[in-house]
>>> print(open('my_file10.txt').read())   # compact mmCIF, C-alpha atoms
# COMPACT_ATOMS: atom_id res chain seq x y z
CA MET P 21 -43.46 5.37 -9.01
CA ALA P 22 -42.16 3.47 -6.01
CA LYS P 23 -44.79 0.76 -6.47
CA ARG P 24 -43.99 0.45 -10.18
CA SER P 25 -40.23 0.41 -9.72
CA VAL P 26 -40.10 -3.35 -9.19
CA LEU P 27 -42.02 -3.88 -12.44
CA ILE P 28 -39.56 -1.62 -14.27
CA LEU P 29 -36.68 -3.54 -12.70
CA LEU P 30 -38.03 -6.95 -13.71
CA LEU P 31 -38.90 -5.72 -17.20
CA ALA P 32 -35.35 -4.40 -17.66
CA VAL P 33 -33.84 -7.69 -16.45
CA ALA P 34 -36.11 -9.70 -18.74
CA LEU P 35 -35.22 -7.55 -21.74
CA LEU P 36 -31.48 -7.77 -21.07
CA THR P 37 -31.57 -11.53 -20.45
CA GLY P 38 -33.59 -12.02 -23.62
CA LEU P 39 -31.12 -9.88 -25.54
CA GLY P 40 -28.27 -11.97 -24.16
CA ILE P 41 -29.84 -15.26 -25.26
CA THR P 42 -30.66 -13.82 -28.69
CA MET P 43 -27.18 -12.42 -29.27
CA LEU P 44 -25.55 -15.58 -27.95
CA ALA P 45 -27.55 -17.65 -30.44
CA SER P 46 -26.33 -15.30 -33.16
CA THR P 47 -22.67 -15.10 -32.14
CA SER P 48 -21.78 -18.41 -30.51
CA TYR P 49 -21.93 -20.45 -33.72
CA TYR P 50 -19.24 -18.57 -35.63
CA THR P 51 -16.79 -17.24 -33.11
CA ARG P 52 -13.04 -17.30 -32.90
CA GLU P 53 -13.32 -19.87 -30.11
CA GLY P 54 -15.68 -22.02 -32.18
CA GLY P 55 -19.27 -22.87 -31.42
CA GLY P 56 -20.34 -26.02 -33.20
CA GLU P 57 -23.61 -27.08 -34.68
CA ASP P 58 -25.06 -27.99 -31.31
CA TYR P 59 -24.76 -24.40 -29.98
CA MET P 60 -23.15 -25.72 -26.81
CA THR P 61 -22.57 -22.28 -25.28
CA LEU P 62 -26.20 -21.33 -25.92
CA TRP P 63 -27.57 -24.41 -24.14
CA ARG P 64 -25.19 -23.90 -21.25
CA GLN P 65 -26.30 -20.30 -20.89
CA CYS P 66 -29.96 -21.34 -21.01
CA THR P 67 -29.22 -23.75 -18.16
CA TRP P 68 -27.60 -20.96 -16.19
CA VAL P 69 -30.59 -18.72 -16.90
CA GLY P 70 -32.89 -21.33 -15.35
CA ILE P 71 -30.64 -21.74 -12.31
CA SER P 72 -30.28 -17.98 -11.92
CA MET P 73 -34.02 -17.36 -12.14
CA GLY P 74 -34.54 -19.93 -9.39
CA ALA P 75 -31.92 -18.18 -7.25
CA CYS P 76 -33.59 -14.84 -7.95
CA VAL P 77 -36.94 -16.17 -6.71
CA VAL P 78 -35.34 -17.59 -3.56
CA MET P 79 -33.57 -14.30 -2.79
CA ALA P 80 -36.83 -12.42 -3.39
CA LEU P 81 -38.61 -14.61 -0.82
CA VAL P 82 -35.91 -14.55 1.87
CA ASP P 83 -36.07 -11.55 4.20
CA TYR P 84 -33.07 -9.39 3.28
CA ASN P 85 -32.48 -8.66 6.98
CA VAL P 86 -31.25 -12.26 7.27
CA TRP P 87 -28.11 -11.20 5.41
CA PHE P 88 -27.49 -8.56 8.09
CA ARG P 89 -27.34 -11.27 10.75
CA TRP P 90 -25.16 -13.53 8.63
CA ARG P 91 -22.85 -10.84 7.24
CA TRP P 92 -19.69 -11.94 9.06
CA TRP P 93 -20.22 -15.59 8.17
CA LEU P 94 -20.78 -14.60 4.57
CA LEU P 95 -17.62 -12.48 4.60
CA GLY P 96 -15.64 -15.43 5.91
CA ALA P 97 -17.11 -17.77 3.29
CA ALA P 98 -16.38 -15.29 0.49
CA SER P 99 -12.79 -14.87 1.67
CA PHE P 100 -12.36 -18.64 1.80
CA GLY P 101 -13.74 -18.99 -1.72
CA LEU P 102 -11.28 -16.40 -2.99
CA LEU P 103 -8.41 -18.14 -1.18
CA LEU P 104 -9.26 -21.40 -2.96
CA CYS P 105 -8.26 -19.72 -6.22
CA TYR P 106 -4.72 -19.40 -4.87
CA GLU P 107 -4.43 -23.19 -4.84
CA TRP P 108 -3.26 -22.86 -8.44
CA TYR P 109 -0.20 -20.89 -7.33
CA VAL P 110 0.49 -23.38 -4.55
CA ALA P 111 0.24 -26.25 -7.04
CA GLN P 112 2.69 -24.55 -9.37
CA ALA P 113 5.15 -23.97 -6.54
CA LEU P 114 4.94 -27.54 -5.22
CA GLY P 115 4.75 -29.17 -8.63
CA TYR P 116 1.39 -30.95 -8.52
CA LYS P 117 -1.76 -30.66 -10.63
CA PRO P 118 -4.32 -28.20 -9.17
CA MET P 119 -7.30 -30.02 -7.68
CA ILE P 120 -9.87 -27.24 -7.59
CA ALA P 121 -8.36 -23.99 -8.86
CA ALA P 122 -8.05 -23.14 -12.57
CA ARG P 123 -6.15 -20.48 -14.50
CA VAL P 124 -7.83 -19.00 -17.58
CA ASN P 125 -6.36 -16.26 -19.79
CA GLY P 126 -3.56 -15.60 -17.34
CA ALA P 127 -5.75 -15.18 -14.24
CA ALA P 128 -6.36 -17.74 -11.49
CA ARG P 129 -9.90 -16.68 -10.66
CA TRP P 130 -11.85 -19.92 -11.13
CA ILE P 131 -12.61 -22.96 -8.97
CA GLY P 132 -14.37 -26.16 -9.90
CA GLN P 133 -13.93 -29.40 -11.80
CA GLY P 134 -13.97 -29.93 -15.55
CA SER P 135 -16.42 -27.67 -17.35
CA VAL P 136 -18.29 -26.84 -14.14
CA ARG P 137 -16.47 -23.83 -12.70
CA ILE P 138 -17.49 -20.71 -10.83
CA GLN P 139 -15.80 -17.36 -10.24
CA PRO P 140 -15.81 -16.60 -6.48
CA SER P 141 -15.10 -12.91 -7.05
CA GLU P 142 -18.58 -12.41 -8.55
CA PHE P 143 -20.19 -13.48 -5.28
CA ALA P 144 -17.54 -11.80 -3.12
CA LYS P 145 -18.68 -8.45 -4.54
CA LEU P 146 -22.22 -9.12 -3.26
CA VAL P 147 -20.89 -10.14 0.15
CA LEU P 148 -18.76 -6.99 0.30
CA ILE P 149 -21.88 -4.88 -0.22
CA ILE P 150 -23.74 -6.79 2.50
CA ALA P 151 -20.82 -6.45 4.94
CA LEU P 152 -20.34 -2.71 4.42
CA ALA P 153 -24.09 -2.00 4.44
CA GLY P 154 -24.41 -4.00 7.67
CA TRP P 155 -21.47 -2.20 9.27
CA PHE P 156 -22.79 1.30 8.61
CA ALA P 157 -26.34 0.26 9.54
CA SER P 158 -25.21 -1.03 12.93
CA HIS P 159 -23.02 2.03 13.61
CA GLU P 160 -25.27 4.83 12.54
CA ASN P 161 -24.09 8.32 13.60
CA LEU P 162 -20.54 6.96 14.00
CA GLU P 163 -19.61 6.94 10.33
CA ARG P 164 -17.68 10.19 10.66
CA THR P 165 -15.29 8.80 13.27
CA PHE P 166 -11.91 7.37 12.28
CA LYS P 167 -12.55 3.88 13.64
CA HIS P 168 -16.09 3.36 12.35
CA GLY P 169 -15.86 5.51 9.22
CA LEU P 170 -12.45 4.52 7.87
CA LEU P 171 -10.45 1.92 9.79
CA ILE P 172 -12.80 -1.07 10.05
CA PRO P 173 -14.76 -0.55 6.79
CA GLY P 174 -11.43 0.10 5.08
CA LEU P 175 -10.11 -3.23 6.36
CA ILE P 176 -13.23 -5.03 5.13
CA LEU P 177 -12.92 -3.39 1.74
CA GLY P 178 -9.17 -3.92 1.57
CA LEU P 179 -9.48 -7.63 2.39
CA ILE P 180 -11.81 -8.38 -0.51
CA VAL P 181 -10.02 -6.08 -2.97
CA ALA P 182 -6.61 -7.55 -2.08
CA LEU P 183 -7.80 -11.15 -2.45
CA ILE P 184 -9.40 -10.42 -5.83
CA GLY P 185 -6.45 -8.37 -7.03
CA GLY P 186 -4.04 -11.15 -6.05
CA GLU P 187 -5.78 -13.41 -8.56
CA VAL P 188 -4.52 -10.98 -11.24
CA ASP P 189 -8.09 -9.73 -11.65
CA LEU P 190 -7.63 -5.97 -11.57
CA GLY P 191 -11.00 -5.36 -13.23
CA ASN P 192 -13.14 -6.94 -10.51
CA ALA P 193 -10.80 -5.57 -7.84
CA SER P 194 -11.35 -2.05 -9.19
CA VAL P 195 -15.11 -2.55 -9.34
CA SER P 196 -15.14 -3.80 -5.74
CA ALA P 197 -13.12 -0.79 -4.57
CA ALA P 198 -15.41 1.65 -6.39
CA VAL P 199 -18.60 0.05 -5.05
CA GLY P 200 -17.20 -0.04 -1.53
CA ALA P 201 -16.21 3.61 -1.72
CA GLY P 202 -19.68 4.43 -3.07
CA ILE P 203 -21.35 2.82 -0.07
CA MET P 204 -19.05 4.68 2.29
CA PHE P 205 -19.89 7.95 0.55
CA VAL P 206 -23.64 7.38 0.77
CA ALA P 207 -23.33 6.27 4.40
CA GLY P 208 -21.77 9.64 5.28
CA THR P 209 -18.05 8.92 5.63
CA ARG P 210 -15.91 12.05 5.79
CA PHE P 211 -14.44 13.22 2.49
CA ARG P 212 -10.90 13.06 3.82
CA PHE P 213 -11.44 9.41 4.74
CA LEU P 214 -12.73 8.75 1.23
CA ALA P 215 -9.67 10.54 -0.15
CA ILE P 216 -7.46 8.13 1.79
CA ILE P 217 -9.40 5.16 0.43
CA GLY P 218 -9.25 6.55 -3.10
CA GLY P 219 -5.56 7.37 -2.92
CA THR P 220 -4.72 3.91 -1.57
CA ALA P 221 -6.83 2.24 -4.29
CA LEU P 222 -5.22 4.27 -7.06
CA ALA P 223 -1.73 3.55 -5.74
CA ALA P 224 -2.50 -0.18 -5.56
CA LEU P 225 -3.98 -0.13 -9.05
CA TRP P 226 -0.97 1.70 -10.46
CA ALA P 227 1.39 -0.76 -8.75
CA GLY P 228 -0.58 -3.69 -10.18
CA ILE P 229 -0.41 -2.20 -13.66
CA LYS P 230 3.30 -1.44 -13.46
CA LEU P 231 4.18 -4.88 -12.10
CA ALA P 232 2.34 -6.54 -15.00
CA PRO P 233 3.81 -5.14 -18.25
CA ASN P 234 0.95 -6.37 -20.45
CA ARG P 235 -1.55 -4.44 -18.33
CA PHE P 236 0.49 -1.27 -18.61
CA GLU P 237 0.46 -1.74 -22.37
CA ARG P 238 -3.34 -2.11 -22.28
CA VAL P 239 -3.60 1.29 -20.64
CA MET P 240 -1.31 2.91 -23.21
CA ILE P 241 -3.04 1.27 -26.16
CA ILE P 242 -6.23 3.34 -25.88
CA PHE P 243 -4.22 6.49 -26.68
CA ASP P 244 -3.07 5.07 -30.03
CA LEU P 245 -5.31 2.13 -30.83
CA GLU P 246 -4.58 2.02 -34.54
CA LYS P 247 -0.87 1.51 -33.92
CA HIS P 248 -1.59 -1.65 -31.91
CA LYS P 249 -4.54 -2.95 -33.96
CA GLU P 250 -2.69 -6.14 -34.90
CA THR P 251 -1.39 -6.94 -31.43
CA MET P 252 -2.89 -6.19 -28.01
CA GLY P 253 -5.33 -3.65 -29.44
CA LEU P 254 -6.95 -6.21 -31.75
CA GLN P 255 -10.13 -6.71 -29.72
CA GLN P 256 -10.92 -3.05 -29.28
CA TRP P 257 -9.99 -2.17 -32.86
CA ILE P 258 -12.33 -4.81 -34.32
CA SER P 259 -14.92 -3.81 -31.74
CA LYS P 260 -14.92 -0.26 -33.12
CA LEU P 261 -15.21 -1.64 -36.65
CA ALA P 262 -18.22 -3.67 -35.54
CA PHE P 263 -19.98 -0.61 -34.15
CA GLY P 264 -19.20 1.39 -37.28
CA SER P 265 -20.33 -1.29 -39.72
CA GLY P 266 -23.71 -1.62 -37.98
CA GLY P 267 -24.86 1.88 -38.91
CA LEU P 268 -28.27 3.00 -37.72
CA GLU P 269 -30.27 -0.18 -38.26
CA GLY P 270 -27.56 -2.85 -38.19
CA ARG P 271 -26.85 -5.74 -40.51
CA GLY P 272 -29.60 -7.86 -38.97
CA LEU P 273 -29.55 -10.75 -36.51
CA GLY P 274 -27.11 -13.42 -37.58
CA GLU P 275 -25.61 -11.23 -40.31
CA GLY P 276 -22.68 -9.85 -38.34
CA ARG P 277 -19.24 -10.27 -39.90
CA MET P 278 -16.85 -9.49 -37.06
CA LYS P 279 -17.75 -12.68 -35.19
CA LEU P 280 -16.40 -14.78 -38.08
CA SER P 281 -13.15 -15.64 -36.33
CA TYR P 282 -12.13 -11.97 -36.17
CA LEU P 283 -13.20 -10.79 -32.71
CA PRO P 284 -12.00 -12.82 -29.69
CA GLU P 285 -14.55 -13.30 -26.89
CA ALA P 286 -17.39 -12.09 -29.13
CA HIS P 287 -19.93 -14.02 -27.03
CA THR P 288 -18.59 -12.99 -23.61
CA ASP P 289 -16.91 -9.70 -22.72
CA PHE P 290 -17.25 -8.28 -26.26
CA ILE P 291 -20.86 -9.14 -26.99
CA PHE P 292 -21.87 -5.46 -26.91
CA PRO P 293 -20.12 -4.70 -30.26
CA MET P 294 -22.14 -7.57 -31.75
CA VAL P 295 -25.28 -5.75 -30.64
CA GLY P 296 -23.97 -2.66 -32.43
CA GLU P 297 -23.13 -4.53 -35.62
CA GLU P 298 -26.30 -6.61 -35.92
CA LEU P 299 -28.87 -4.27 -34.32
CA GLY P 300 -27.20 -0.97 -35.15
CA PHE P 301 -27.35 2.35 -33.36
CA TRP P 302 -30.94 1.79 -32.28
CA GLY P 303 -30.06 -1.53 -30.69
CA VAL P 304 -27.16 0.04 -28.79
CA THR P 305 -29.32 2.97 -27.69
CA GLY P 306 -32.05 0.62 -26.56
CA THR P 307 -29.59 -1.46 -24.54
CA VAL P 308 -28.22 1.63 -22.81
CA ALA P 309 -31.78 2.84 -22.13
CA VAL P 310 -32.70 -0.47 -20.50
CA PHE P 311 -29.68 -0.27 -18.20
CA ILE P 312 -30.74 3.27 -17.27
CA MET P 313 -34.22 1.90 -16.48
CA LEU P 314 -32.68 -0.79 -14.28
CA THR P 315 -30.53 1.74 -12.43
CA PHE P 316 -33.43 4.13 -11.90
CA ALA P 317 -35.70 1.35 -10.62
CA GLY P 318 -33.02 0.01 -8.28
CA MET P 319 -32.35 3.43 -6.78
CA CYS P 320 -36.08 3.98 -6.25
CA ILE P 321 -36.34 0.67 -4.43
CA ALA P 322 -33.34 1.54 -2.26
CA SER P 323 -34.73 4.95 -1.36
CA TYR P 324 -37.97 3.43 -0.03
CA ALA P 325 -36.32 0.64 1.99
CA PRO P 326 -37.70 0.44 5.54
CA ASN P 327 -34.33 0.66 7.31
CA ARG P 328 -30.78 1.92 6.84
CA PHE P 329 -29.40 -1.51 6.00
CA GLY P 330 -31.93 -1.92 3.18
CA LYS P 331 -31.16 1.50 1.77
CA LEU P 332 -27.41 0.93 1.69
CA LEU P 333 -27.79 -2.64 0.45
CA GLY P 334 -30.14 -1.59 -2.35
CA PHE P 335 -27.86 1.26 -3.38
CA GLY P 336 -24.78 -0.97 -3.40
CA LEU P 337 -26.38 -3.71 -5.52
CA THR P 338 -27.78 -1.22 -8.03
CA PHE P 339 -24.50 0.67 -8.23
CA LEU P 340 -22.65 -2.61 -8.83
CA LEU P 341 -24.84 -3.59 -11.80
CA ALA P 342 -24.73 -0.11 -13.29
CA LEU P 343 -20.97 0.25 -12.88
CA GLU P 344 -20.25 -3.13 -14.46
CA ALA P 345 -22.39 -2.22 -17.45
CA LEU P 346 -20.75 1.18 -17.78
CA LEU P 347 -17.22 -0.25 -17.63
CA ASN P 348 -18.00 -2.98 -20.17
CA MET P 349 -19.39 -0.40 -22.57
CA GLY P 350 -16.37 1.82 -21.97
CA VAL P 351 -13.98 -1.03 -22.76
CA THR P 352 -15.78 -2.22 -25.88
CA THR P 353 -15.94 1.31 -27.29
CA ALA P 354 -12.19 1.76 -26.58
CA LEU P 355 -12.77 4.56 -24.08
CA LEU P 356 -11.22 2.50 -21.28
CA PRO P 357 -8.33 0.02 -21.13
CA ASN P 358 -9.23 -3.54 -22.05
CA LYS P 359 -10.24 -5.62 -19.04
CA GLY P 360 -12.33 -8.76 -18.85
CA LEU P 361 -15.62 -7.54 -17.39
CA PRO P 362 -18.90 -9.02 -18.67
CA LEU P 363 -21.99 -7.04 -19.59
CA PRO P 364 -24.53 -7.96 -16.87
CA PHE P 365 -27.34 -10.29 -18.00
CA VAL P 366 -26.11 -10.20 -21.62
CA SER P 367 -22.61 -11.72 -21.76
CA TYR P 368 -22.08 -15.46 -21.65
CA GLY P 369 -21.05 -16.65 -18.21
CA GLY P 370 -22.77 -18.52 -15.41
CA SER P 371 -21.15 -16.90 -12.37
CA SER P 372 -21.82 -13.37 -13.58
CA LEU P 373 -25.45 -14.12 -14.46
CA LEU P 374 -26.12 -15.96 -11.21
CA ALA P 375 -24.65 -13.17 -9.08
CA ALA P 376 -26.58 -10.50 -11.01
CA MET P 377 -29.86 -12.39 -10.64
CA MET P 378 -29.25 -12.85 -6.92
CA ALA P 379 -28.75 -9.09 -6.63
CA VAL P 380 -32.06 -8.53 -8.42
CA GLY P 381 -33.79 -10.96 -6.07
CA VAL P 382 -32.55 -9.02 -3.03
CA LEU P 383 -33.81 -5.78 -4.60
CA VAL P 384 -37.23 -7.37 -5.11
CA ASN P 385 -37.32 -8.40 -1.45
CA ILE P 386 -36.37 -4.89 -0.35
CA HIS P 387 -39.25 -3.57 -2.47
CA ARG P 388 -41.68 -6.05 -0.90
CA GLN P 389 -40.89 -4.61 2.53
CA GLY P 390 -40.49 -1.01 1.40
CA VAL P 391 -42.40 2.00 2.66
CA HIS P 392 -44.54 2.87 -0.35
CA LEU P 393 -46.05 6.35 -0.17
CA THR P 394 -48.95 7.46 -2.29
CA TRP P 395 -48.66 10.41 -4.67
CA ASP P 396 -50.36 12.70 -2.15
CA GLN P 397 -47.86 11.69 0.54
CA LEU P 398 -44.78 12.47 -1.53
CA PRO P 399 -42.98 15.82 -1.16
CA VAL P 400 -44.55 18.44 -3.42
CA ILE P 401 -43.45 21.83 -4.75
CA ARG P 402 -45.66 24.72 -3.79
CA ARG P 403 -45.46 28.10 -5.46
CA LYS P 404 -42.94 30.44 -3.81
CA ARG P 405 -42.21 27.80 -1.20
CA ARG P 406 -39.54 25.24 -0.63
CA TRP P 407 -40.09 21.52 -0.80
CA THR P 408 -42.79 20.68 1.72
CA PRO P 409 -43.09 17.05 2.87
CA GLN P 410 -46.66 15.80 3.08
CA LEU P 411 -46.15 13.00 5.59
>>> encode(input="my_file10.txt", output="structure tokens")
Amino acid sequence: MAKRSVLILLLAVALLTGLGITMLASTSYYTREGGGEDYMTLWRQCTWVGISMGACVVMALVDYNVWFRWRWWLLGAASFGLLLCYEWYVAQALGYKPMIAARVNGAARWIGQGSVRIQPSEFAKLVLIIALAGWFASHENLERTFKHGLLIPGLILGLIVALIGGEVDLGNASVSAAVGAGIMFVAGTRFRFLAIIGGTALAALWAGIKLAPNRFERVMIIFDLEKHKETMGLQQWISKLAFGSGGLEGRGLGEGRMKLSYLPEAHTDFIFPMVGEELGFWGVTGTVAVFIMLTFAGMCIASYAPNRFGKLLGFGLTFLLALEALLNMGVTTALLPNKGLPLPFVSYGGSSLLAAMMAVGVLVNIHRQGVHLTWDQLPVIRRKRRWTPQL
């Protein structure tokens, strides 16, 4: 299975990317934001797919241990990229037009010029994984001490989470905190240290929600969605209608109704309901199954990595992709508060796709250097005996 895991991973990525292009072609023409006869968003996404595939190949060819040596430089570059987003706030305070930062939908999380913009937080999440994996790999057997198990990794995690959260991007900040805590857990950090990290993260999240009234309302909306279906609960209410109207087999590609100026962001964060409406229950089930395949393959690759850094890095990247998918599905089915998180490989967005493909490329490289055991070498169960390793 270890040898086939990379094939399962690449098959899952290909299926999800193909689904994204197909659904974008179906939804981008008639959306609330407008598409146009030239399918501009579709062609842009196709361009990003080409760029992302190239990046995936490069990451698959570069020895992943290089990122261990460059981890502090990468952390500095990621922090600088996040700080550039704050130029928007500086510009507002000093009264000049921002030169590189941009504010979209109330959050200053973009940098770039014109229509060419990237979201630094997408790449900062990858760097966070590299930094934490590198820290615990270089301090093996010290992860249960206060300094090496909580203080320094907590500062690394807190730096990235605070910079992302300051952009008013609580969704990506929460994902970063959860992925960081997951790496610490797998590395062997004491439970009481994890409790401190978790308590601090929850307190910061609650403070962020309370300080932004609209975000507090988003949390409350999920408990009575129908009451707010014409205001802040509009997206999730129409999303549920889209899933319900799709039935078992769906209306068919291009036949969805909720994209006709009813559902905001139907081609980005809320593309999953369009899958439900046009492809039905079977399409939704298939999409979930493919993400499960991707997660299973990624974890297999991580488990057979040749060193501790590779194992933690592979786990972190796989956990990131799986968590983002889970949260997007939770939001679009109104099980979680509304937050702008894309569905990996499927939603429209260049930064998200590029970062996800880079993560896949690193997983492929880890597999290329992995320790692949044959079936006879794997642990086997013998009658009336415990697991016996055949190594």
>>> residues_around(input="my_file10.txt", residues="stretch 138-147 of chain P", least_positions_apart="4", cutoff="8 Å", atoms="all atoms listed in the file", output="ChimeraX atom specification")
/P:91,94-95,98-99,101-102,129-132,151,180,184,192,196,337,370-372,375,379
>>> atom_distance(input="my_file10.txt", atom1="atom CA of P:Leu333", atom2="atom CA of P:Thr307")
25.1 Å
>>> atom_distance(input="my_file10.txt", atom1="atom CA of P:Phe156", atom2="atom CA of P:Val206")
10.0 Å
>>> atom_distance(input="my_file10.txt", atom1="atom CA of P:Thr47", atom2="atom CA of P:Val188")
28.0 Å
>>> residues_around(input="my_file10.txt", residues="P:Thr338", least_positions_apart="5", cutoff="7 Å", atoms="only C-alpha atoms", output="PyMOL selection string")
chain P and resi 315+318-319
>>> residues_near_point(input="my_file10.txt", point="(-30.7, -11.7, -21.3)", cutoff="9 Å", atoms="only C-alpha atoms", output="list in words")
Val33, Ala34, Leu35, Leu36, Thr37, Gly38, Leu39, Gly40, Ile41, Thr42, Met43, Val69, Pro364, Phe365, Val366, Ser367 and Leu373 of chain P
>>> closest_residue(input="my_file10.txt", among="P:Ser158, P:Thr352, P:Thr165, P:Thr67", to="P:Lys260", atoms="only C-alpha atoms")
P:Thr352
>>> closest_atom_pairs(input="my_file10.txt", of="stretch 134-212 of chain P", to="stretch 77-85 of chain P", cutoff="12 Å", atoms="only C-alpha atoms", output="JSON lines")
{"residue": "P:Ile150", "atom": "CA", "partner": "P:Tyr84", "partner_atom": "CA", "distance": 9.7}
{"residue": "P:Ala153", "atom": "CA", "partner": "P:Asn85", "partner_atom": "CA", "distance": 11.0}
{"residue": "P:Gly154", "atom": "CA", "partner": "P:Asn85", "partner_atom": "CA", "distance": 9.3}
{"residue": "P:Ala157", "atom": "CA", "partner": "P:Asn85", "partner_atom": "CA", "distance": 11.1}
>>> write_last_selection(input="my_file10.txt", atoms="C-alpha atoms", output="compact mmCIF listing (two decimals), in the coordinates of the input")
# COMPACT_ATOMS: atom_id res chain seq x y z
CA ILE P 150 -23.74 -6.79 2.50
CA ALA P 153 -24.09 -2.00 4.44
CA GLY P 154 -24.41 -4.00 7.67
CA ALA P 157 -26.34 0.26 9.54
